[in-house]
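Here's start.csv, which has CSV, C-alpha atoms:
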```
chain,number,residue,atom,x,y,z
A,1,MET,CA,183.0,174.1,86.6
A,2,GLN,CA,185.8,171.6,86.2
A,3,GLN,CA,185.0,170.2,89.6
A,4,GLY,CA,181.4,169.7,88.5
A,5,ILE,CA,182.4,167.9,85.4
A,6,LYS,CA,184.8,165.7,87.3
A,7,ARG,CA,182.2,164.9,89.8
A,8,ARG,CA,179.6,164.0,87.2
A,9,GLY,CA,182.2,161.9,85.4
A,10,PHE,CA,183.0,160.1,88.6
A,11,SER,CA,179.4,159.5,89.4
A,12,ALA,CA,178.9,158.2,85.8
A,13,SER,CA,181.8,155.8,86.2
A,14,LEU,CA,180.3,154.5,89.4
A,15,GLY,CA,177.0,154.0,87.7
A,16,LEU,CA,178.6,152.1,84.8
A,17,ALA,CA,180.6,150.0,87.3
A,18,ALA,CA,177.4,149.2,89.1
A,19,LEU,CA,175.7,148.3,85.9
A,20,GLY,CA,178.6,146.1,85.0
A,21,VAL,CA,178.5,144.3,88.3
A,22,GLY,CA,174.7,143.9,88.0
A,23,GLY,CA,175.0,142.6,84.5
A,24,TRP,CA,177.7,140.1,85.5
A,25,ILE,CA,175.5,138.8,88.4
A,26,THR,CA,172.6,138.5,86.0
A,27,GLY,CA,174.7,136.8,83.4
A,28,CYS,CA,175.9,134.2,85.9
A,29,SER,CA,172.4,133.2,86.9
A,30,LYS,CA,171.4,130.1,85.0
A,31,VAL,CA,167.7,130.4,86.1
A,32,PRO,CA,165.6,133.5,85.3
A,33,ASP,CA,162.9,134.8,87.7
A,34,THR,CA,160.2,133.9,85.1
A,35,ILE,CA,160.2,130.8,82.9
A,36,LYS,CA,157.9,131.0,79.8
A,37,ILE,CA,155.9,128.0,78.7
A,38,GLY,CA,154.5,128.4,75.1
A,39,VAL,CA,151.1,127.2,73.9
A,40,ALA,CA,150.3,126.9,70.2
A,41,GLN,CA,146.8,125.7,69.5
A,42,PRO,CA,143.8,126.7,67.3
A,43,LEU,CA,142.2,129.5,69.3
A,44,SER,CA,139.9,130.7,66.5
A,45,GLY,CA,137.9,129.0,63.8
A,46,PRO,CA,136.0,125.6,64.0
A,47,LEU,CA,138.5,124.0,66.3
A,48,ALA,CA,138.7,126.9,68.7
A,49,GLY,CA,136.8,125.0,71.4
A,50,LEU,CA,139.3,122.2,71.4
A,51,GLY,CA,142.3,124.6,71.3
A,52,GLN,CA,141.0,126.7,74.1
A,53,ASP,CA,140.5,123.6,76.2
A,54,LEU,CA,144.1,122.6,75.7
A,55,LEU,CA,145.2,126.1,76.6
A,56,ASN,CA,143.0,126.0,79.7
A,57,GLY,CA,144.7,122.8,80.9
A,58,VAL,CA,148.1,124.6,80.7
A,59,LYS,CA,146.8,127.6,82.5
A,60,LEU,CA,145.3,125.5,85.3
A,61,ALA,CA,148.6,123.7,85.9
A,62,VAL,CA,150.7,126.8,85.7
A,63,ASP,CA,148.5,128.6,88.3
A,64,GLU,CA,148.7,125.6,90.7
A,65,ILE,CA,152.5,125.3,90.3
A,66,ASN,CA,153.0,129.0,90.9
A,67,ARG,CA,150.8,128.9,94.0
A,68,SER,CA,152.7,125.9,95.5
A,69,GLY,CA,156.1,127.3,94.5
A,70,LEU,CA,158.6,126.1,91.9
A,71,ASN,CA,162.2,126.0,93.0
A,72,VAL,CA,164.9,125.5,90.3
A,73,ASP,CA,168.5,125.1,91.4
A,74,GLY,CA,167.7,126.6,94.8
A,75,LYS,CA,165.8,129.6,93.3
A,76,ARG,CA,162.1,130.4,93.4
A,77,VAL,CA,160.7,130.9,89.9
A,78,THR,CA,157.4,131.8,88.3
A,79,LEU,CA,155.9,130.1,85.2
A,80,GLU,CA,154.3,132.3,82.6
A,81,VAL,CA,152.0,131.1,79.8
A,82,VAL,CA,152.6,132.6,76.3
A,83,ALA,CA,149.9,131.6,73.9
A,84,GLN,CA,149.6,131.8,70.1
A,85,ASP,CA,146.8,131.0,67.8
A,86,ASP,CA,147.9,128.5,65.1
A,87,ARG,CA,144.5,128.6,63.4
A,88,ALA,CA,144.8,124.9,62.6
A,89,ASP,CA,146.8,126.0,59.6
A,90,ALA,CA,150.4,125.0,58.7
A,91,ALA,CA,151.5,128.5,57.6
A,92,SER,CA,149.9,130.2,60.7
A,93,GLY,CA,151.4,127.5,62.8
A,94,LYS,CA,154.9,128.2,61.6
A,95,ALA,CA,154.4,131.9,62.2
A,96,ALA,CA,153.1,131.1,65.7
A,97,ALA,CA,156.1,128.9,66.4
A,98,GLN,CA,158.5,131.7,65.4
A,99,GLN,CA,156.7,134.2,67.6
A,100,LEU,CA,156.9,131.8,70.6
A,101,LEU,CA,160.6,131.3,70.1
A,102,GLU,CA,161.2,135.0,69.8
A,103,SER,CA,159.4,135.5,73.1
A,104,GLY,CA,161.8,133.2,74.8
A,105,VAL,CA,159.7,130.2,75.7
A,106,VAL,CA,161.6,127.1,77.0
A,107,ALA,CA,159.0,124.5,76.0
A,108,VAL,CA,155.9,124.5,73.8
A,109,ILE,CA,152.6,122.6,74.3
A,110,GLY,CA,151.3,122.3,70.8
A,111,HIS,CA,150.0,121.6,68.3
A,112,LEU,CA,146.6,119.9,68.0
A,113,ASN,CA,146.6,119.3,64.2
A,114,SER,CA,149.1,116.8,62.7
A,115,GLY,CA,149.6,118.9,59.6
A,116,VAL,CA,150.7,121.9,61.8
A,117,SER,CA,153.0,119.8,64.0
A,118,LEU,CA,154.7,118.3,61.0
A,119,GLU,CA,155.6,121.8,59.8
A,120,THR,CA,156.6,123.3,63.1
A,121,ALA,CA,158.6,120.4,64.6
A,122,PRO,CA,161.8,121.3,62.7
A,123,ILE,CA,161.4,125.0,63.8
A,124,TYR,CA,161.4,124.1,67.5
A,125,ALA,CA,164.2,121.5,67.0
A,126,ALA,CA,166.5,124.1,65.5
A,127,LYS,CA,166.4,126.0,68.8
A,128,GLU,CA,166.4,122.8,70.9
A,129,VAL,CA,163.0,123.7,72.4
A,130,PRO,CA,160.9,120.7,73.5
A,131,GLN,CA,157.5,120.4,71.8
A,132,LEU,CA,154.8,118.3,73.5
A,133,ILE,CA,152.2,117.4,71.0
A,134,ILE,CA,148.7,116.0,71.1
A,135,SER,CA,148.8,115.5,67.3
A,136,THR,CA,148.7,111.8,66.5
A,137,ASN,CA,150.2,111.3,63.0
A,138,PRO,CA,153.2,108.9,63.3
A,139,ARG,CA,155.2,110.8,60.7
A,140,ILE,CA,155.9,113.6,63.2
A,141,THR,CA,158.1,111.5,65.5
A,142,GLN,CA,159.5,109.7,62.4
A,143,LEU,CA,161.2,113.0,61.6
A,144,GLY,CA,163.8,111.9,64.2
A,145,LEU,CA,163.8,115.1,66.1
A,146,ALA,CA,165.0,114.9,69.7
A,147,THR,CA,162.6,117.7,70.8
A,148,THR,CA,159.3,116.1,69.9
A,149,PHE,CA,157.3,114.4,72.6
A,150,ARG,CA,153.8,113.0,72.0
A,151,ILE,CA,151.5,113.0,75.0
A,152,VAL,CA,148.9,110.5,73.7
A,153,ALA,CA,149.0,107.3,71.6
A,154,ASN,CA,149.6,107.7,67.9
A,155,ASP,CA,147.5,106.8,64.9
A,156,ASN,CA,149.2,103.5,64.4
A,157,LEU,CA,147.6,102.2,67.6
A,158,GLN,CA,144.3,103.9,66.9
A,159,ALA,CA,144.2,102.4,63.4
A,160,ARG,CA,144.7,98.9,65.0
A,161,ALA,CA,142.0,99.6,67.5
A,162,ILE,CA,139.6,100.7,64.7
A,163,GLY,CA,140.3,97.6,62.6
A,164,ALA,CA,140.3,95.2,65.5
A,165,PHE,CA,137.0,96.4,66.9
A,166,ALA,CA,135.3,96.7,63.6
A,167,ALA,CA,136.4,93.1,62.6
A,168,ALA,CA,135.7,91.4,65.9
A,169,GLN,CA,132.8,93.4,67.5
A,170,LEU,CA,131.0,94.7,64.4
A,171,ASN,CA,131.3,91.6,62.3
A,172,ALA,CA,129.8,92.1,58.8
A,173,ASP,CA,129.9,90.7,55.3
A,174,ALA,CA,130.7,94.0,53.8
A,175,TYR,CA,132.6,97.1,55.1
A,176,ALA,CA,133.2,100.6,53.8
A,177,VAL,CA,136.1,102.8,54.6
A,178,VAL,CA,135.8,106.6,53.9
A,179,ASP,CA,138.0,109.5,54.9
A,180,ASP,CA,138.3,113.3,54.6
A,181,GLY,CA,141.6,113.3,52.7
A,182,SER,CA,143.5,115.0,55.6
A,183,PRO,CA,146.8,113.5,56.9
A,184,TYR,CA,144.9,112.5,60.0
A,185,GLY,CA,141.8,111.0,58.4
A,186,LYS,CA,143.5,109.3,55.4
A,187,GLY,CA,146.3,107.8,57.6
A,188,LEU,CA,143.8,106.3,60.0
A,189,ALA,CA,141.6,105.0,57.2
A,190,GLU,CA,144.5,103.3,55.5
A,191,GLY,CA,145.7,101.7,58.7
A,192,ALA,CA,142.2,100.5,59.6
A,193,ALA,CA,141.7,99.1,56.1
A,194,ALA,CA,144.9,97.2,56.4
A,195,GLN,CA,143.7,95.7,59.7
A,196,LEU,CA,140.4,94.7,58.2
A,197,LEU,CA,142.1,93.0,55.2
A,198,ALA,CA,144.4,91.2,57.6
A,199,ALA,CA,141.3,89.9,59.3
A,200,LYS,CA,140.0,88.7,55.9
A,201,LYS,CA,137.1,91.2,55.9
A,202,HIS,CA,135.6,92.4,52.6
A,203,ILE,CA,135.9,96.2,52.0
A,204,ALA,CA,133.2,96.8,49.4
A,205,VAL,CA,133.6,100.6,49.3
A,206,ARG,CA,136.8,102.7,49.8
A,207,GLN,CA,136.6,106.4,49.1
A,208,SER,CA,138.3,109.7,50.0
A,209,PHE,CA,136.7,113.1,50.1
A,210,ASP,CA,137.8,116.5,51.2
A,211,ASP,CA,137.1,117.8,54.7
A,212,LYS,CA,134.2,120.0,53.6
A,213,THR,CA,132.1,117.7,51.4
A,214,VAL,CA,128.5,117.2,52.7
A,215,ALA,CA,127.0,115.8,49.5
A,216,PHE,CA,126.8,112.1,50.1
A,217,ALA,CA,123.8,110.9,48.1
A,218,GLU,CA,126.0,109.0,45.7
A,219,LEU,CA,128.0,107.4,48.5
A,220,ALA,CA,124.9,106.4,50.3
A,221,ALA,CA,123.5,104.7,47.2
A,222,ARG,CA,126.8,102.7,46.8
A,223,LEU,CA,126.6,101.6,50.4
A,224,LYS,CA,123.1,100.4,50.0
A,225,GLU,CA,123.8,98.6,46.8
A,226,ALA,CA,126.9,96.9,48.3
A,227,GLN,CA,124.9,96.0,51.4
A,228,VAL,CA,127.5,97.6,53.6
A,229,ARG,CA,126.8,97.1,57.3
A,230,VAL,CA,129.8,98.7,58.9
A,231,ILE,CA,131.2,102.1,57.9
A,232,VAL,CA,134.7,103.0,59.1
A,233,CYS,CA,134.2,106.7,58.9
A,234,MET,CA,137.2,109.1,59.1
A,235,LEU,CA,135.1,112.2,58.3
A,236,ASN,CA,134.2,115.2,60.5
A,237,ASP,CA,131.1,114.9,62.6
A,238,PHE,CA,129.0,117.2,60.4
A,239,GLN,CA,130.0,115.1,57.4
A,240,ALA,CA,129.1,111.9,59.2
A,241,LEU,CA,125.7,113.3,60.1
A,242,ALA,CA,125.1,114.4,56.5
A,243,LEU,CA,125.9,110.8,55.4
A,244,LEU,CA,123.5,109.4,57.9
A,245,GLN,CA,120.7,111.6,56.6
A,246,GLU,CA,121.3,110.3,53.1
A,247,LEU,CA,121.2,106.7,54.4
A,248,GLN,CA,118.0,107.4,56.2
A,249,LYS,CA,116.4,108.7,53.0
A,250,LEU,CA,117.3,105.4,51.3
A,251,GLY,CA,116.0,103.3,54.2
A,252,HIS,CA,119.5,101.8,54.7
A,253,SER,CA,119.6,101.9,58.5
A,254,ARG,CA,120.9,98.5,59.6
A,255,VAL,CA,124.3,100.0,59.7
A,256,ALA,CA,127.0,100.7,62.3
A,257,LEU,CA,129.3,103.7,62.0
A,258,LEU,CA,132.8,103.6,63.6
A,259,GLY,CA,134.8,106.8,63.5
A,260,GLY,CA,137.8,108.5,65.2
A,261,ASP,CA,138.1,111.6,67.3
A,262,LEU,CA,136.4,113.7,64.7
A,263,VAL,CA,133.0,112.0,65.3
A,264,LYS,CA,133.4,111.7,69.1
A,265,THR,CA,131.5,114.9,69.7
A,266,ALA,CA,128.3,116.0,71.4
A,267,ASP,CA,126.8,116.9,68.0
A,268,MET,CA,126.9,113.2,66.9
A,269,ALA,CA,124.0,112.6,69.3
A,270,LYS,CA,121.8,114.0,66.5
A,271,GLY,CA,122.5,110.8,64.6
A,272,MET,CA,121.1,108.5,67.3
A,273,GLY,CA,118.2,106.3,66.1
A,274,VAL,CA,119.1,106.9,62.5
A,275,ILE,CA,121.3,103.7,62.3
A,276,ASP,CA,121.9,100.7,64.5
A,277,GLY,CA,124.9,102.1,66.3
A,278,ILE,CA,127.5,104.9,66.4
A,279,TYR,CA,131.0,104.2,67.8
A,280,ALA,CA,134.2,106.2,68.0
A,281,THR,CA,137.8,105.6,69.0
A,282,SER,CA,140.2,108.1,70.6
A,283,PRO,CA,143.7,108.2,72.1
A,284,VAL,CA,142.4,111.1,74.3
A,285,LEU,CA,140.7,109.1,77.1
A,286,ASP,CA,137.9,110.8,78.9
A,287,VAL,CA,139.0,112.5,82.1
A,288,ALA,CA,136.3,110.6,84.1
A,289,GLU,CA,138.1,107.4,83.3
A,290,PHE,CA,141.0,108.3,85.6
A,291,THR,CA,141.1,107.9,89.3
A,292,THR,CA,141.8,111.6,90.0
A,293,GLY,CA,139.6,112.7,87.1
A,294,ARG,CA,136.9,113.9,89.4
A,295,GLN,CA,139.2,116.3,91.3
A,296,PHE,CA,140.5,117.7,88.0
A,297,LEU,CA,136.9,118.2,86.7
A,298,GLU,CA,136.0,120.1,89.8
A,299,LYS,CA,139.0,122.4,89.6
A,300,TYR,CA,138.6,122.9,85.8
A,301,ILE,CA,134.9,123.9,86.1
A,302,ALA,CA,135.6,126.2,89.1
A,303,ALA,CA,138.3,127.9,87.0
A,304,PHE,CA,136.6,128.2,83.6
A,305,GLN,CA,132.8,127.7,84.4
A,306,LYS,CA,132.5,124.8,82.0
A,307,PRO,CA,133.7,121.2,81.6
A,308,PRO,CA,136.7,120.3,79.5
A,309,ALA,CA,135.9,119.9,75.8
A,310,TYR,CA,138.7,117.6,74.7
A,311,GLY,CA,142.2,116.9,76.2
A,312,GLY,CA,142.8,119.7,78.7
A,313,HIS,CA,143.8,117.0,81.3
A,314,TYR,CA,146.6,115.9,79.0
A,315,THR,CA,148.1,119.4,78.6
A,316,TYR,CA,147.6,120.0,82.3
A,317,ASP,CA,149.7,116.9,83.0
A,318,ALA,CA,152.3,117.9,80.3
A,319,VAL,CA,153.0,121.1,82.2
A,320,TYR,CA,153.6,119.2,85.4
A,321,VAL,CA,156.1,116.9,83.7
A,322,VAL,CA,157.8,119.9,82.0
A,323,SER,CA,158.1,121.6,85.4
A,324,GLU,CA,159.6,118.4,86.8
A,325,ALA,CA,162.1,118.3,83.9
A,326,ILE,CA,163.1,121.9,84.6
A,327,LYS,CA,163.8,121.0,88.3
A,328,LYS,CA,165.7,117.9,87.3
A,329,ALA,CA,167.8,119.9,84.8
A,330,GLY,CA,168.4,122.7,87.3
A,331,SER,CA,168.1,124.9,84.3
A,332,ALA,CA,165.7,126.8,82.1
A,333,ALA,CA,167.8,126.2,79.0
A,334,PRO,CA,165.7,124.4,76.4
A,335,ALA,CA,168.4,121.9,75.5
A,336,ASP,CA,168.8,121.0,79.2
A,337,ILE,CA,165.0,120.5,79.5
A,338,THR,CA,164.9,118.4,76.4
A,339,ARG,CA,167.6,116.1,77.8
A,340,ALA,CA,165.7,115.8,81.1
A,341,LEU,CA,162.5,115.0,79.4
A,342,ARG,CA,164.2,112.2,77.4
A,343,GLY,CA,165.1,110.4,80.5
A,344,ILE,CA,162.1,111.2,82.8
A,345,ASN,CA,159.3,109.1,84.1
A,346,GLY,CA,157.2,112.1,85.0
A,347,TYR,CA,154.4,112.2,87.5
A,348,ALA,CA,151.2,113.2,85.7
A,349,PRO,CA,148.5,114.2,88.2
A,350,VAL,CA,145.5,112.9,86.1
A,351,THR,CA,146.8,110.3,83.6
A,352,GLY,CA,149.4,108.9,86.0
A,353,THR,CA,152.7,109.1,84.2
A,354,MET,CA,154.4,110.4,81.1
A,355,ALA,CA,157.5,108.7,79.8
A,356,TRP,CA,158.8,108.5,76.2
A,357,ASP,CA,160.7,106.0,74.1
A,358,GLY,CA,163.6,107.0,71.8
A,359,GLN,CA,161.3,108.3,69.1
A,360,GLY,CA,159.3,110.5,71.5
A,361,GLU,CA,156.3,108.3,71.6
A,362,LEU,CA,154.4,107.9,74.8
A,363,ARG,CA,155.3,104.6,76.4
A,364,TYR,CA,151.9,103.9,78.0
A,365,GLY,CA,149.5,105.5,75.5
A,366,ALA,CA,146.1,103.8,75.2
A,367,VAL,CA,143.2,104.0,72.8
A,368,GLY,CA,139.6,103.7,73.9
A,369,VAL,CA,136.5,102.6,71.9
A,370,TYR,CA,133.3,104.4,72.8
A,371,GLU,CA,129.6,103.9,72.0
A,372,LEU,CA,127.0,106.6,71.7
A,373,ARG,CA,124.2,105.7,74.1
A,374,LYS,CA,121.5,108.0,75.5
A,375,GLY,CA,123.3,111.0,74.1
A,376,GLN,CA,126.5,110.2,75.9
A,377,TRP,CA,129.8,108.5,74.8
A,378,GLU,CA,130.3,105.4,77.0
A,379,LEU,CA,133.5,103.5,77.1
A,380,ARG,CA,133.3,100.0,75.6
A,381,MET,CA,137.0,99.0,75.9
A,382,ARG,CA,140.5,100.4,75.9
A,383,SER,CA,143.9,99.0,75.5
A,384,ASP,CA,147.6,100.1,75.0
A,385,ARG,CA,148.2,97.0,72.8
A,386,TRP,CA,145.3,96.2,70.4
```
Since I need it in another form, could you write the structure as structure tokens?
Amino acid sequence: MQQGIKRRGFSASLGLAALGVGGWITGCSKVPDTIKIGVAQPLSGPLAGLGQDLLNGVKLAVDEINRSGLNVDGKRVTLEVVAQDDRADAASGKAAAQQLLESGVVAVIGHLNSGVSLETAPIYAAKEVPQLIISTNPRITQLGLATTFRIVANDNLQARAIGAFAAAQLNADAYAVVDDGSPYGKGLAEGAAAQLLAAKKHIAVRQSFDDKTVAFAELAARLKEAQVRVIVCMLNDFQALALLQELQKLGHSRVALLGGDLVKTADMAKGMGVIDGIYATSPVLDVAEFTTGRQFLEKYIAAFQKPPAYGGHYTYDAVYVVSEAIKKAGSAAPADITRALRGINGYAPVTGTMAWDGQGELRYGAVGVYELRKGQWELRMRSDRW
């Protein structure tokens, strides 16, 4: 009996020793077998199509990188996507950020909405986890957080593009500037209005709404009375279409409408023929504008049985740049990856390159101006300077 007890004790000691050695070996490894990449986007609600597209771009890149093989500090690793729905809402976004951090992600591709990114950026920064955002409000990088990296041009450049194009290409005696009251819409409207005033253009109507208003009979009457010929419209597409219907009722159709990303949608084709012209600006350049865009489109459609809806090619590129930063750092520690991203000039398969200035702004971001013609958005001009 005693011998049995001793034998079991001896075996248990060996087992503990083995566990100790195994734990020590694991503890010494700087690079885990699996590295988790977080994605936080609106995956439900009205913006679910855009959010899913951004997630699809990440998934496509991760699948490709895993197939080709990623070696970090001499070790073969696998990337894993961990996705959370931020519901385009700040409170939900903060909860999603916490869940991603608890799951052990080393970088986050998110968020779409500026209001959500503003709230979540400090959460990621507290854990030194890099956050690659497609949100465009300048205030996000002005927080001064080392972990924030924008993957498109910001609203300052887009506002200059809107104002410059409206003043020079849509020359009129009277302009209107309207917005949806959101940080995105109001910020763009104010920047565009400043550009128009600098160009000595007359803004006859300046008004803010909320992002749900569709009753625009009063606004349409004011536009007609002031003989406004150019509407700088920072409203959602369904709001812009409601405004066009009211203008049509009043017979005030000799008008051009210039919006931002929110009107650069397929649904805006419903407004064709109602007014003289419909234009939109966007820092998310169409994938077809890039040399390797066709190859990306083919791969994306093969994987998801539909074309990209928004900026999946940017999140696809962002994952490639993050993977390059991980290799450069030789580490999966978020702080090491953040430092590597700060000094990287990363190869981006579709858009060409991603590199950031000291604030985390994309060095070579551009804004395009598009015209709706024959039901399609066609590029009129683009620039990284405006």
Test item: residues at most 10 Å from stretch 333-335 of chain A, all atoms listed in the file, excluding those fewer than 5 positions along its chain, as a PyMOL selection string = chain A and resi 30-32+35+104-107+124-125+127-130+146-147+326+340-341
Please, could you write that set of residues out with C-alpha atoms as a PDB file, in the coordinates of the input?
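See again_8.pdb below for the written result:
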```
ATOM      1  CA  LYS A  30     171.400 130.100  85.000  1.00  0.00           C
ATOM      2  CA  VAL A  31     167.700 130.400  86.100  1.00  0.00           C
ATOM      3  CA  PRO A  32     165.600 133.500  85.300  1.00  0.00           C
ATOM      4  CA  ILE A  35     160.200 130.800  82.900  1.00  0.00           C
ATOM      5  CA  GLY A 104     161.800 133.200  74.800  1.00  0.00           C
ATOM      6  CA  VAL A 105     159.700 130.200  75.700  1.00  0.00           C
ATOM      7  CA  VAL A 106     161.600 127.100  77.000  1.00  0.00           C
ATOM      8  CA  ALA A 107     159.000 124.500  76.000  1.00  0.00           C
ATOM      9  CA  TYR A 124     161.400 124.100  67.500  1.00  0.00           C
ATOM     10  CA  ALA A 125     164.200 121.500  67.000  1.00  0.00           C
ATOM     11  CA  LYS A 127     166.400 126.000  68.800  1.00  0.00           C
ATOM     12  CA  GLU A 128     166.400 122.800  70.900  1.00  0.00           C
ATOM     13  CA  VAL A 129     163.000 123.700  72.400  1.00  0.00           C
ATOM     14  CA  PRO A 130     160.900 120.700  73.500  1.00  0.00           C
ATOM     15  CA  ALA A 146     165.000 114.900  69.700  1.00  0.00           C
ATOM     16  CA  THR A 147     162.600 117.700  70.800  1.00  0.00           C
ATOM     17  CA  ILE A 326     163.100 121.900  84.600  1.00  0.00           C
ATOM     18  CA  ALA A 340     165.700 115.800  81.100  1.00  0.00           C
ATOM     19  CA  LEU A 341     162.500 115.000  79.400  1.00  0.00           C
TER      20      LEU A 341
END
```
inquiry  = Give me, as a ChimeraX atom specification, all polymer residues having an atom no more than 10 Å from A:Gln158, counting only C-alpha atoms and skipping those fewer than 6 positions away in the same chain.
reply    = /A:136,164,188,191-192,260-261,281-283,366-369,383-386
task = List the neighbours of A:Asp86 out to 7 Å using only C-alpha atoms; skip same-chain residues closer than 4 positions along the sequence, and give me the result as a PyMOL selection string.
result = chain A and resi 40-42+92-93+96
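Closest to A:Val284 among A:Arg342, A:His252, A:Arg363, A:Lys264 is A:Lys264, based on all atoms listed in the file.
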request  = Please measure the separation of atom CA of A:Tyr175 and atom CA of A:Leu196, giving the value in Å to one decimal.
outcome  =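 Answer for the atom CA of A:Tyr175 to atom CA of A:Leu196 separation: 8.7 Å.
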Could you give me stretch 164-170 of chain A completed to all heavy atoms, formatted as a short mmCIF file (atom, residue, chain, number, x, y, z; two decimals), in the frame of the given file?
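result02.cif was written with the following content:
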```
data_model
loop_
_atom_site.label_atom_id
_atom_site.label_comp_id
_atom_site.auth_asym_id
_atom_site.auth_seq_id
_atom_site.Cartn_x
_atom_site.Cartn_y
_atom_site.Cartn_z
N ALA A 164 140.57 96.32 64.60
CA ALA A 164 140.30 95.20 65.50
C ALA A 164 138.88 95.17 65.98
O ALA A 164 138.18 94.14 65.97
CB ALA A 164 141.29 95.15 66.63
N PHE A 165 138.41 96.33 66.41
CA PHE A 165 137.00 96.40 66.90
C PHE A 165 136.02 96.20 65.83
O PHE A 165 135.03 95.48 66.01
CB PHE A 165 136.82 97.78 67.61
CG PHE A 165 135.49 97.90 68.31
CD1 PHE A 165 135.33 97.43 69.59
CD2 PHE A 165 134.40 98.47 67.67
CE1 PHE A 165 134.11 97.53 70.25
CE2 PHE A 165 133.17 98.57 68.30
CZ PHE A 165 133.03 98.10 69.60
N ALA A 166 136.25 96.82 64.68
CA ALA A 166 135.30 96.70 63.60
C ALA A 166 135.23 95.21 63.11
O ALA A 166 134.14 94.71 62.79
CB ALA A 166 135.74 97.55 62.40
N ALA A 167 136.36 94.51 63.09
CA ALA A 167 136.40 93.10 62.60
C ALA A 167 135.76 92.17 63.62
O ALA A 167 135.00 91.27 63.25
CB ALA A 167 137.82 92.71 62.32
N ALA A 168 136.07 92.36 64.90
CA ALA A 168 135.70 91.40 65.90
C ALA A 168 134.30 91.71 66.55
O ALA A 168 133.51 90.81 66.82
CB ALA A 168 136.72 91.31 67.03
N GLN A 169 134.04 93.00 66.79
CA GLN A 169 132.80 93.40 67.50
C GLN A 169 131.68 93.83 66.60
O GLN A 169 130.52 93.78 66.99
CB GLN A 169 133.14 94.51 68.50
CG GLN A 169 134.26 94.19 69.47
CD GLN A 169 133.92 93.04 70.39
OE1 GLN A 169 132.78 92.92 70.86
NE2 GLN A 169 134.89 92.18 70.66
N LEU A 170 132.01 94.27 65.39
CA LEU A 170 131.00 94.70 64.40
C LEU A 170 131.03 93.85 63.20
O LEU A 170 131.03 94.33 62.07
CB LEU A 170 131.21 96.19 64.07
CG LEU A 170 131.27 97.18 65.25
CD1 LEU A 170 131.61 98.59 64.75
CD2 LEU A 170 129.94 97.20 66.01
#
```
